[in-house]
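K.L.:
Structure file protein_34.cif, mmCIF, C-alpha atoms and all ligand atoms, is pasted below:
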```cif
data_query
loop_
_atom_site.label_atom_id
_atom_site.label_comp_id
_atom_site.auth_asym_id
_atom_site.auth_seq_id
_atom_site.Cartn_x
_atom_site.Cartn_y
_atom_site.Cartn_z
CA MET B 79 -40.84 21.72 58.05
CA ILE B 80 -37.17 21.09 58.81
CA ARG B 81 -35.94 21.80 62.34
CA THR B 82 -32.26 22.16 63.19
CA LEU B 83 -30.33 22.38 66.45
CA VAL B 84 -26.60 23.00 66.77
CA ALA B 85 -24.47 23.15 69.92
CA PRO B 86 -20.82 22.98 70.99
CA VAL B 87 -19.33 19.48 71.14
CA LYS B 88 -18.32 19.82 74.80
CA TYR B 89 -19.16 22.45 77.44
CA VAL B 90 -17.27 22.55 80.76
CA GLN B 91 -18.08 25.16 83.44
CA GLY B 92 -17.01 25.66 87.04
CA ARG B 93 -14.72 27.27 89.56
CA ASN B 94 -11.03 26.64 88.65
CA VAL B 95 -11.76 24.49 85.57
CA LEU B 96 -8.92 26.27 83.74
CA ASN B 97 -6.65 24.00 85.85
CA GLU B 98 -8.02 21.11 83.79
CA ALA B 99 -7.77 22.80 80.38
CA GLY B 100 -4.85 20.63 79.23
CA GLU B 101 -6.59 17.30 79.63
CA HIS B 102 -9.67 18.58 77.78
CA ILE B 103 -7.62 20.07 74.92
CA GLU B 104 -5.13 17.21 74.46
CA PRO B 105 -7.47 14.89 72.49
CA LEU B 106 -8.04 17.67 69.91
CA GLY B 107 -4.51 18.20 68.58
CA LYS B 108 -0.78 18.15 69.22
CA LYS B 109 0.29 21.73 68.52
CA LEU B 110 -1.82 24.44 70.15
CA MET B 111 -1.98 28.17 69.45
CA ILE B 112 -3.47 30.26 72.26
CA LEU B 113 -4.87 33.50 70.83
CA ALA B 114 -5.23 36.15 73.52
CA SER B 115 -4.65 39.84 74.11
CA GLU B 116 -1.78 40.85 76.34
CA ARG B 117 -4.16 41.61 79.22
CA VAL B 118 -5.90 38.24 78.99
CA THR B 119 -2.59 36.40 78.63
CA HIS B 120 -1.53 37.97 81.90
CA ILE B 121 -4.71 36.70 83.62
CA ILE B 122 -4.63 33.09 82.39
CA LYS B 123 -0.98 32.36 81.72
CA ASP B 124 0.17 30.80 85.01
CA THR B 125 -2.84 28.51 85.44
CA LEU B 126 -2.96 27.52 81.78
CA LEU B 127 0.80 26.88 81.57
CA ALA B 128 0.71 24.63 84.65
CA SER B 129 -2.16 22.66 83.14
CA LEU B 130 -0.66 22.38 79.62
CA GLN B 131 2.73 21.32 80.97
CA ARG B 132 1.10 18.21 82.43
CA THR B 133 0.21 17.14 78.85
CA ASN B 134 2.21 16.31 75.73
CA LEU B 135 0.93 19.40 73.92
CA ASP B 136 3.24 21.82 72.13
CA PHE B 137 1.86 25.30 72.58
CA GLU B 138 2.51 28.96 71.87
CA PHE B 139 0.74 32.23 72.69
CA GLU B 140 -0.22 34.54 69.82
CA LYS B 141 -1.20 38.14 70.53
CA PHE B 142 -4.70 39.17 69.44
CA LYS B 143 -4.62 42.62 67.82
CA GLY B 144 -7.96 43.88 69.16
CA GLU B 145 -10.57 43.70 66.39
CA CYS B 146 -12.33 40.75 64.77
CA SER B 147 -11.72 42.12 61.28
CA ARG B 148 -11.03 40.43 57.94
CA LYS B 149 -7.40 41.47 58.20
CA GLU B 150 -6.89 39.97 61.67
CA ILE B 151 -8.63 36.71 60.69
CA GLU B 152 -6.39 36.38 57.63
CA ARG B 153 -3.30 37.15 59.68
CA VAL B 154 -4.05 34.50 62.33
CA SER B 155 -5.02 31.90 59.70
CA GLU B 156 -1.70 32.47 57.98
CA VAL B 157 0.28 31.96 61.21
CA LEU B 158 -1.70 28.78 61.93
CA LYS B 159 -0.87 27.32 58.52
CA LYS B 160 2.73 28.49 58.39
CA GLU B 161 3.62 27.18 61.84
CA GLY B 162 1.64 23.95 61.50
CA PHE B 163 -0.71 24.41 64.47
CA ASN B 164 -3.46 21.79 64.52
CA VAL B 165 -5.66 23.22 67.27
CA ILE B 166 -6.35 26.82 68.35
CA ALA B 167 -7.71 28.16 71.64
CA GLY B 168 -9.19 31.66 71.77
CA ALA B 169 -9.08 33.17 75.26
CA GLY B 170 -10.82 36.42 76.18
CA GLY B 171 -13.97 38.21 75.04
CA GLY B 172 -16.25 37.87 72.01
CA LYS B 173 -13.92 39.47 69.48
CA THR B 174 -10.96 37.20 70.32
CA LEU B 175 -13.20 34.13 70.41
CA ASP B 176 -14.79 34.96 67.05
CA THR B 177 -11.37 35.55 65.49
CA ALA B 178 -10.21 32.15 66.80
CA LYS B 179 -13.32 30.47 65.32
CA ALA B 180 -12.93 32.14 61.93
CA SER B 181 -9.18 31.41 61.77
CA ALA B 182 -9.72 27.79 62.81
CA TYR B 183 -12.19 27.40 60.01
CA GLY B 184 -9.75 29.00 57.57
CA ALA B 185 -7.03 26.55 58.62
CA GLY B 186 -9.37 23.52 58.94
CA ILE B 187 -8.52 22.74 62.58
CA PRO B 188 -10.52 22.32 65.85
CA VAL B 189 -11.21 25.33 68.06
CA VAL B 190 -11.26 25.68 71.85
CA ILE B 191 -13.01 28.61 73.48
CA LEU B 192 -11.81 29.95 76.84
CA PRO B 193 -14.02 32.93 77.76
CA THR B 194 -12.60 35.21 80.46
CA ILE B 195 -15.74 37.35 80.56
CA ALA B 196 -19.41 36.37 80.20
CA SER B 197 -20.37 39.42 78.18
CA THR B 198 -22.00 37.80 75.12
CA ASP B 199 -23.37 34.49 73.88
CA ALA B 200 -20.63 34.20 71.23
CA PRO B 201 -18.62 31.35 72.85
CA THR B 202 -20.75 28.34 71.90
CA SER B 203 -21.84 29.42 68.42
CA ALA B 204 -20.56 28.58 64.93
CA ILE B 205 -20.83 32.25 64.02
CA ALA B 206 -18.38 35.15 64.01
CA VAL B 207 -19.33 38.80 63.89
CA VAL B 208 -16.85 40.60 61.67
CA TYR B 209 -16.25 44.35 62.06
CA THR B 210 -14.44 46.90 59.91
CA ALA B 211 -11.09 48.13 61.20
CA GLU B 212 -13.06 51.15 62.53
CA GLY B 213 -15.36 48.91 64.59
CA GLU B 214 -18.53 49.10 62.49
CA PHE B 215 -20.54 45.93 62.00
CA GLU B 216 -19.61 44.33 58.67
CA GLU B 217 -20.98 40.79 58.42
CA TYR B 218 -21.91 37.57 60.16
CA ARG B 219 -19.79 34.57 59.15
CA PHE B 220 -21.25 31.12 59.52
CA PHE B 221 -19.14 27.98 59.95
CA PRO B 222 -20.19 24.38 59.37
CA ARG B 223 -19.20 23.34 62.87
CA ASN B 224 -19.57 24.66 66.46
CA PRO B 225 -16.57 24.91 68.79
CA ASP B 226 -15.10 21.57 69.86
CA LEU B 227 -14.70 22.66 73.46
CA VAL B 228 -15.99 25.60 75.48
CA LEU B 229 -14.36 25.81 78.90
CA VAL B 230 -15.60 28.49 81.29
CA ASP B 231 -13.80 29.12 84.57
CA THR B 232 -16.38 30.92 86.72
CA LEU B 233 -13.78 32.24 89.15
CA ILE B 234 -12.07 34.09 86.27
CA ILE B 235 -15.44 35.40 85.04
CA ALA B 236 -16.20 36.72 88.55
CA GLN B 237 -12.89 38.64 88.69
CA ALA B 238 -13.70 40.61 85.52
CA PRO B 239 -15.49 43.97 85.73
CA VAL B 240 -19.16 43.44 86.58
CA ARG B 241 -20.26 45.49 83.58
CA PHE B 242 -19.21 42.63 81.26
CA PHE B 243 -21.34 40.22 83.27
CA VAL B 244 -24.35 42.56 83.15
CA SER B 245 -23.86 43.10 79.43
CA GLY B 246 -24.02 39.32 78.97
CA MET B 247 -27.34 39.39 80.77
CA GLY B 248 -28.53 42.04 78.29
CA ASP B 249 -27.62 39.76 75.37
CA ALA B 250 -29.35 36.82 77.10
CA LEU B 251 -32.43 38.90 77.93
CA ALA B 252 -33.34 39.13 74.25
CA THR B 253 -32.81 35.42 73.51
CA TRP B 254 -36.25 34.09 74.40
CA PHE B 255 -38.14 36.96 72.77
CA GLU B 256 -36.22 36.67 69.52
CA ALA B 257 -36.55 32.86 69.40
CA ASP B 258 -40.27 33.10 70.16
CA THR B 259 -40.73 35.64 67.35
CA VAL B 260 -38.81 33.46 64.89
CA ASN B 261 -40.98 30.50 65.85
CA ILE B 262 -44.24 32.44 65.56
CA ALA B 263 -43.21 33.88 62.20
CA GLY B 264 -42.18 30.47 60.86
CA ALA B 265 -38.78 32.00 60.11
CA GLN B 266 -35.38 30.33 60.26
CA ASN B 267 -32.84 30.16 63.07
CA MET B 268 -29.12 30.86 62.60
CA ALA B 269 -28.48 27.19 61.77
CA GLY B 270 -30.71 27.35 58.69
CA GLY B 271 -33.71 25.44 60.02
CA HIS B 272 -36.76 26.12 62.14
CA PRO B 273 -36.38 26.08 65.95
CA THR B 274 -36.76 22.72 67.72
CA SER B 275 -38.83 22.44 70.92
CA ALA B 276 -35.53 21.87 72.73
CA ALA B 277 -34.12 25.22 71.56
CA LEU B 278 -37.30 27.06 72.51
CA ARG B 279 -37.30 25.51 76.00
CA ILE B 280 -33.64 26.42 76.43
CA ALA B 281 -34.41 30.01 75.38
CA LYS B 282 -37.33 30.21 77.82
CA LEU B 283 -35.17 28.81 80.63
CA CYS B 284 -32.57 31.43 79.75
CA TYR B 285 -35.13 34.20 80.46
CA GLU B 286 -36.57 32.52 83.58
CA ASN B 287 -33.16 31.98 85.20
CA LEU B 288 -32.16 35.53 84.35
CA LEU B 289 -35.13 36.97 86.25
CA LYS B 290 -34.61 34.54 89.13
CA TYR B 291 -30.83 34.76 89.67
CA GLY B 292 -29.72 37.89 87.74
CA LEU B 293 -29.65 40.44 90.54
CA SER B 294 -28.11 38.12 93.14
CA ALA B 295 -25.43 37.05 90.65
CA LYS B 296 -24.63 40.64 89.74
CA LEU B 297 -24.18 41.57 93.41
CA ALA B 298 -21.91 38.54 93.95
CA VAL B 299 -19.73 39.41 90.94
CA GLU B 300 -19.42 42.97 92.29
CA LYS B 301 -17.76 41.30 95.30
CA LYS B 302 -15.74 39.09 92.89
CA VAL B 303 -17.15 35.90 94.42
CA VAL B 304 -18.75 32.80 92.88
CA THR B 305 -22.14 31.67 94.19
CA GLU B 306 -24.61 29.19 92.71
CA ALA B 307 -26.50 32.22 91.32
CA VAL B 308 -23.29 33.25 89.52
CA GLU B 309 -22.95 29.71 88.11
CA LYS B 310 -26.58 29.92 86.91
CA ILE B 311 -26.02 33.26 85.18
CA VAL B 312 -22.72 32.23 83.59
CA GLU B 313 -24.65 29.29 82.13
CA VAL B 314 -27.46 31.65 81.09
CA ASN B 315 -25.13 34.14 79.39
CA THR B 316 -22.97 31.52 77.69
CA LEU B 317 -24.71 28.18 77.08
CA LEU B 318 -28.46 28.88 77.29
CA SER B 319 -28.30 32.15 75.41
CA GLY B 320 -25.77 30.63 72.98
CA ILE B 321 -27.90 27.66 71.99
CA GLY B 322 -31.03 29.80 72.40
CA PHE B 323 -30.02 32.43 69.86
CA GLU B 324 -28.31 30.15 67.38
CA SER B 325 -30.88 27.36 67.29
CA GLY B 326 -33.84 29.59 68.26
CA GLY B 327 -33.04 32.47 65.96
CA LEU B 328 -32.66 36.26 66.01
CA ALA B 329 -35.19 38.98 65.23
CA ALA B 330 -35.43 42.78 65.66
CA ALA B 331 -33.38 43.23 68.86
CA HIS B 332 -30.09 42.21 67.20
CA SER B 333 -30.79 44.25 64.07
CA ILE B 334 -31.28 47.34 66.22
CA TYR B 335 -27.90 46.50 67.75
CA ASP B 336 -26.34 46.24 64.29
CA GLY B 337 -27.86 49.60 63.39
CA MET B 338 -26.58 51.23 66.56
CA THR B 339 -22.97 50.34 65.78
CA ALA B 340 -23.20 53.23 63.30
CA PHE B 341 -23.07 55.67 66.23
CA LYS B 342 -19.50 56.55 67.10
CA ALA B 343 -20.82 57.54 70.54
CA SER B 344 -22.19 54.04 71.09
CA HIS B 345 -18.83 52.30 70.58
CA ARG B 346 -18.11 52.63 74.29
CA LEU B 347 -21.20 50.51 74.95
CA TYR B 348 -21.03 46.73 75.00
CA HIS B 349 -22.93 44.42 72.67
CA GLY B 350 -25.40 43.21 75.30
CA GLU B 351 -26.16 46.73 76.51
CA LYS B 352 -27.28 47.73 73.04
CA VAL B 353 -29.12 44.43 72.54
CA ALA B 354 -31.11 45.02 75.75
CA PHE B 355 -32.31 48.36 74.38
CA GLY B 356 -32.89 46.70 71.00
CA LEU B 357 -35.18 44.26 72.78
CA ILE B 358 -37.30 47.09 74.17
CA VAL B 359 -37.62 48.44 70.62
CA GLN B 360 -38.62 44.96 69.40
CA LEU B 361 -41.28 44.62 72.10
CA VAL B 362 -42.74 48.02 71.14
CA MET B 363 -42.77 47.02 67.46
CA GLU B 364 -44.60 43.81 68.37
CA ASN B 365 -47.07 45.72 70.56
CA CYS B 366 -46.19 43.33 73.36
CA ASP B 367 -48.32 43.15 76.51
CA PRO B 368 -47.40 46.15 78.73
CA THR B 369 -46.99 43.87 81.77
CA GLN B 370 -44.31 41.97 79.87
CA ILE B 371 -42.57 45.16 78.71
CA ASN B 372 -42.56 46.43 82.30
CA GLU B 373 -41.03 43.15 83.53
CA VAL B 374 -38.20 43.57 81.01
CA LEU B 375 -37.75 47.29 81.80
CA ASP B 376 -37.69 46.66 85.56
CA PHE B 377 -35.11 43.93 85.18
CA CYS B 378 -32.91 46.22 83.07
CA ILE B 379 -33.23 49.10 85.54
CA GLN B 380 -32.51 46.78 88.50
CA VAL B 381 -29.27 45.32 87.08
CA GLY B 382 -28.18 48.50 85.28
CA LEU B 383 -28.91 47.83 81.61
CA PRO B 384 -29.81 50.85 79.43
CA VAL B 385 -33.52 51.56 78.83
CA CYS B 386 -33.36 54.97 77.11
CA PHE B 387 -31.13 57.16 74.89
CA ASP B 388 -29.76 58.93 77.97
CA ASP B 389 -28.55 55.62 79.41
CA LEU B 390 -26.96 54.82 76.06
CA GLY B 391 -25.07 58.13 76.10
CA LEU B 392 -27.15 59.32 73.15
CA GLY B 393 -29.14 61.99 74.98
CA LYS B 394 -28.94 64.53 72.15
CA VAL B 395 -29.23 62.14 69.25
CA SER B 396 -30.44 63.79 66.02
CA ARG B 397 -33.19 62.51 63.79
CA ASP B 398 -30.65 62.13 60.98
CA ASP B 399 -28.56 59.80 63.14
CA LEU B 400 -31.62 57.78 64.11
CA GLU B 401 -32.54 57.44 60.45
CA LYS B 402 -29.09 56.03 59.76
CA VAL B 403 -29.56 53.46 62.54
CA VAL B 404 -32.94 52.51 61.11
CA ARG B 405 -31.56 52.18 57.58
CA LEU B 406 -28.85 49.80 58.75
CA ALA B 407 -31.21 47.89 61.02
CA THR B 408 -33.66 47.28 58.18
CA ALA B 409 -31.09 46.28 55.52
CA GLU B 410 -32.20 43.38 53.38
CA ASN B 411 -30.25 40.61 55.13
CA GLU B 412 -31.12 41.74 58.68
CA THR B 413 -32.90 39.38 61.10
CA ILE B 414 -35.43 42.16 61.78
CA HIS B 415 -37.28 40.71 58.78
CA ASN B 416 -37.95 37.58 60.87
CA GLU B 417 -40.70 39.59 62.57
CA PRO B 418 -44.14 38.18 61.65
CA PHE B 419 -45.15 41.44 59.88
CA PRO B 420 -43.60 43.67 57.19
CA VAL B 421 -40.95 45.87 58.78
CA THR B 422 -40.59 49.39 57.38
CA GLU B 423 -38.12 52.13 58.30
CA GLU B 424 -41.01 54.24 59.59
CA LEU B 425 -42.20 51.50 61.94
CA VAL B 426 -38.72 51.03 63.41
CA LEU B 427 -38.07 54.75 63.84
CA ASP B 428 -41.35 55.20 65.70
CA ALA B 429 -40.60 52.16 67.89
CA LEU B 430 -37.10 53.52 68.69
CA LEU B 431 -38.50 56.85 69.86
CA THR B 432 -41.27 55.16 71.84
CA ALA B 433 -38.86 52.68 73.49
CA ASP B 434 -36.75 55.62 74.65
CA ALA B 435 -39.82 57.40 76.05
CA LEU B 436 -41.13 54.27 77.78
CA GLY B 437 -37.74 53.53 79.31
CA SER B 438 -37.31 57.09 80.63
CA PHE B 439 -40.83 57.06 82.04
CA ARG B 440 -40.36 53.74 83.84
CA LYS B 441 -37.12 54.95 85.37
CA LYS B 442 -38.75 58.14 86.65
CA LEU B 443 -41.69 56.14 87.96
CA ARG B 444 -39.37 53.99 90.06
CA THR B 445 -37.81 57.02 91.71
CA SER B 446 -41.08 58.99 92.10
CA PRO B 447 -43.93 56.46 92.27
CA ASN B 448 -46.51 59.25 92.59
CA LEU B 449 -46.21 60.08 88.88
CA VAL B 450 -49.29 58.02 88.07
ZN ZN B 501 -25.94 38.86 70.80
#
```
For this file, write the structure as structure tokens.

P.N.:
Amino acid sequence: MIRTLVAPVKYVQGRNVLNEAGEHIEPLGKKLMILASERVTHIIKDTLLASLQRTNLDFEFEKFKGECSRKEIERVSEVLKKEGFNVIAGAGGGKTLDTAKASAYGAGIPVVILPTIASTDAPTSAIAVVYTAEGEFEEYRFFPRNPDLVLVDTLIIAQAPVRFFVSGMGDALATWFEADTVNIAGAQNMAGGHPTSAALRIAKLCYENLLKYGLSAKLAVEKKVVTEAVEKIVEVNTLLSGIGFESGGLAAAHSIYDGMTAFKASHRLYHGEKVAFGLIVQLVMENCDPTQINEVLDFCIQVGLPVCFDDLGLGKVSRDDLEKVVRLATAENETIHNEPFPVTEELVLDALLTADALGSFRKKLRTSPNLV
């Protein structure tokens, strides 16, 4: 059996570390493109400029157009080649970061990741999720190399809307369960090998720290402050979940997410919010111990992650729509087939409906404990 672990070359996290970005980036290239949306540019520009001006780097900002699509990746790759950039930094959320990774690969240059939100575990991985121009999931792209530098300024993360932070916890919540399933099934992780013990321990720690520090960190970020709990959860959402999913592997939860992108109504939901619900579906499919399911449901309810169709804004979802989700979620190349049993459309549909019912019930139970 061949086991594989991949990770970013360098990970730097802390309050105000963006002040030190220049010295970390300088060894990677001479001419730097910073890919960022207008909003993100506004947030990071002053600090980043001050830091880069203390180095010998040439640098320019390039505006990210909003979707990690084939067209945008091609466009950025072209600019990189034409202008002779030899290092790129993506600053912002998952879509910008993934576009930077894919364009860097296209141009054959190193990539720096500067997340301004902790909403997914995309930053450390050698994977990009590509969407159609309309925002539907299209494909995963795999690169031969993880980012050269991931630099996370926790003060910037804490200034972003708390919903991003909570969504990152939703993405991280699934990490251990998906890695565990992949390991049990003898399936492969995202790096093309079986999970190492290291990856499994990282994934488990991801879940444990989430339960321990999640609520406190969420409350701190609501106040836009950085505590040690916030540092723990930024590490959970970014590094532990990142290595955990890539080197541990994905299973049903992320396929349910992929399926749910088919709902126009769900486009206003973030990746991790849908993944959290996908995890509940996975646990139902696996007939997981009810105590464990309740622990996951209670965590979601406590921090504000969706546990039922109502929470997802899909209160009146039709059976036809659900069947479309299930069809996409069970497509041939989906990680749902890493489950240790044959996965049929029927099984997934029944689990979806049950997950919704269980989630609604648990929510009601918490407000009126006399139900049972
Ligand atoms: Zn994810």

K.L.:
Listing only residues of chain B within 9 Å of ligand ZN 501 (chain B), what is the closest atom pair and its distance in Å (to one decimal) for each, using only C-alpha atoms and all ligand atoms, sorted by chain and residue number ascending, as CSV?

P.N.:
```
residue,atom,partner,partner_atom,distance
B:Thr198,CA,B:ZN501,ZN,5.9
B:Asp199,CA,B:ZN501,ZN,5.9
B:Ala200,CA,B:ZN501,ZN,7.1
B:Gly246,CA,B:ZN501,ZN,8.4
B:Gly248,CA,B:ZN501,ZN,8.5
B:Asp249,CA,B:ZN501,ZN,5.0
B:Ala250,CA,B:ZN501,ZN,7.4
B:Ala252,CA,B:ZN501,ZN,8.2
B:Thr253,CA,B:ZN501,ZN,8.1
B:Ser319,CA,B:ZN501,ZN,8.5
B:Gly320,CA,B:ZN501,ZN,8.5
B:Phe323,CA,B:ZN501,ZN,7.7
B:Leu328,CA,B:ZN501,ZN,8.7
B:Ala331,CA,B:ZN501,ZN,8.8
B:His332,CA,B:ZN501,ZN,6.4
B:Tyr335,CA,B:ZN501,ZN,8.5
B:His349,CA,B:ZN501,ZN,6.6
B:Gly350,CA,B:ZN501,ZN,6.3
B:Val353,CA,B:ZN501,ZN,6.6
```

K.L.:
Excluding Asn267 (chain B) and residues on its chain fewer than 4 positions from it, collect all residues at most 12 Å away from it, counting only C-alpha atoms, and give them as a count of residues only.

P.N.:
31

K.L.:
Between CA of Val190 (chain B) and CA of Pro225 (chain B), measure the distance and give it in Å to one decimal.

P.N.:
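Computing the Euclidean distance for CA of Val190 (chain B) and CA of Pro225 (chain B) yields 6.2 Å.
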
K.L.:
Have a look at B:Lys159, B:Arg132, B:Lys179, B:Lys402 and name the one nearest to Arg223 (chain B); count all atoms listed in the file.

P.N.:
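Checking each of B:Lys159, B:Arg132, B:Lys179, B:Lys402 against Arg223 (chain B), counting all atoms listed in the file, the winner is B:Lys179.
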
K.L.:
I'd like the contact shell of Glu156 (chain B) - 9 Å cut-off, only C-alpha atoms, skipping same-chain residues fewer than 5 positions apart - returned as a PyMOL selection string.

P.N.:
chain B and resi 151+161+181+184-185

K.L.:
Kindly provide the residues of region 365-412 of chain B that approach region 205-221 of chain B to within 12 Å, each paired with its closest atom pair and their distance in Å to one decimal, based on only C-alpha atoms, listed by chain and increasing number, as CSV.

P.N.:
```
residue,atom,partner,partner_atom,distance
B:Val403,CA,B:Phe215,CA,11.8
B:Leu406,CA,B:Phe215,CA,9.7
B:Ala407,CA,B:Phe215,CA,10.9
B:Ala409,CA,B:Glu217,CA,11.9
B:Asn411,CA,B:Glu217,CA,9.8
B:Glu412,CA,B:Glu217,CA,10.2
```

K.L.:
By how many Å are CA of Pro420 (chain B) and CA of Ala281 (chain B) apart?

P.N.:
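Result for CA of Pro420 (chain B) versus CA of Ala281 (chain B): 24.5 Å, one decimal.
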
K.L.:
I'd like to know which of B:Pro193, B:Gly144, B:Pro188, B:Gly270 is closest to Lys173 (chain B), using all atoms listed in the file.

P.N.:
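Residue with the minimum atom-to-atom distance to Lys173 (chain B): B:Gly144.
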
K.L.:
Do a neighbour search on Leu175 (chain B) at 8 Å with all atoms listed in the file, toss out local chain neighbours closer than 5 positions, and write the hits as a ChimeraX atom specification.

P.N.:
/B:168-170,191-193,200-201

K.L.:
Ranking B:Asp399, B:Glu101, B:Asn164, B:Val362 by minimum distance to Ala429 (chain B) and counting only C-alpha atoms, which one comes first?

P.N.:
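Residue with the minimum atom-to-atom distance to Ala429 (chain B): B:Val362.
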
K.L.:
With distances taken over only C-alpha atoms, which of B:Ile414, B:Leu289, B:Ala265, B:Ala167 is nearest to Phe377 (chain B)?

P.N.:
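Among the listed residues, the smallest separation from Phe377 (chain B) belongs to B:Leu289.
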
K.L.:
Which is closer to Leu361 (chain B) than all the others in B:Asp388, B:Leu283, B:Asp398, B:Gly437, using all atoms listed in the file?

P.N.:
B:Gly437

K.L.:
Show me the residues around (-19.8, 56.0, 71.8) - criterion: an atom at most 12 Å away, all atoms listed in the file counted - as a list of chain:residue names.

P.N.:
B:Gly213, B:Glu214, B:Met338, B:Thr339, B:Ala340, B:Phe341, B:Lys342, B:Ala343, B:Ser344, B:His345, B:Arg346, B:Leu347, B:Tyr348, B:Lys352, B:Phe387, B:Asp389, B:Leu390, B:Gly391, B:Leu392, B:Gly393, B:Val395

K.L.:
Out of B:Ala196, B:Met247, B:Met111, B:Ile103, which residue has the shortest atom-to-atom distance to Gln380 (chain B) when counting all atoms listed in the file?

P.N.:
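Ranked by minimum distance to Gln380 (chain B), first place goes to B:Met247.
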
K.L.:
Tell me which protein, DNA and RNA residues are within 9 Å of Ile187 (chain B), counting all atoms listed in the file, leaving out same-chain ones fewer than 4 positions away, and put them as JSON, numbers by chain.

P.N.:
{"B": [106, 107, 163, 164, 165, 166, 181, 182, 183]}

K.L.:
Name all residues at most 12 Å from Ala238 (chain B) (count all atoms listed in the file; drop same-chain ones fewer than 4 positions away) and give them as number ranges by chain.

P.N.:
B: 117-118, 121, 170-171, 193-197, 231-234, 242-244, 296, 298-304

K.L.:
Adding 5 Å on each side of the box along x, y and z that holds all listed atoms of region 309-317 of chain B, could you give its centre and edge lengths in Å to one decimal, as lines of an AutoDock Vina configuration file?

P.N.:
```
center_x = -25.1
center_y = 31.2
center_z = 82.6
size_x = 14.7
size_y = 16.0
size_z = 21.0
```

K.L.:
For the atom pair CA of Thr316 (chain B) and CA of Glu364 (chain B), what is the interatomic distance in Å to one decimal place?

P.N.:
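These two atoms are separated by 26.6 Å.
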
K.L.:
Is there a way to get, as a list in words, all residues within 7 Å of the point (-1.9, 36.6, 71.9) in file coordinates, counting all atoms listed in the file?

P.N.:
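Residues with an atom at most 7 Å from (-1.9, 36.6, 71.9): Ile112, Leu113, Ala114, Ser115, Glu116, Thr119, Phe139, Glu140, Lys141 and Phe142 of chain B.
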
K.L.:
Would you mind exporting C-alpha atoms of the selected residues as a tab-separated table (two decimals), in the frame of the given file?

P.N.:
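Saved to out-v3.tsv:
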```
chain	number	residue	atom	x	y	z
B	112	ILE	CA	-3.47	30.26	72.26
B	113	LEU	CA	-4.87	33.50	70.83
B	114	ALA	CA	-5.23	36.15	73.52
B	115	SER	CA	-4.65	39.84	74.11
B	116	GLU	CA	-1.78	40.85	76.34
B	119	THR	CA	-2.59	36.40	78.63
B	139	PHE	CA	0.74	32.23	72.69
B	140	GLU	CA	-0.22	34.54	69.82
B	141	LYS	CA	-1.20	38.14	70.53
B	142	PHE	CA	-4.70	39.17	69.44
```
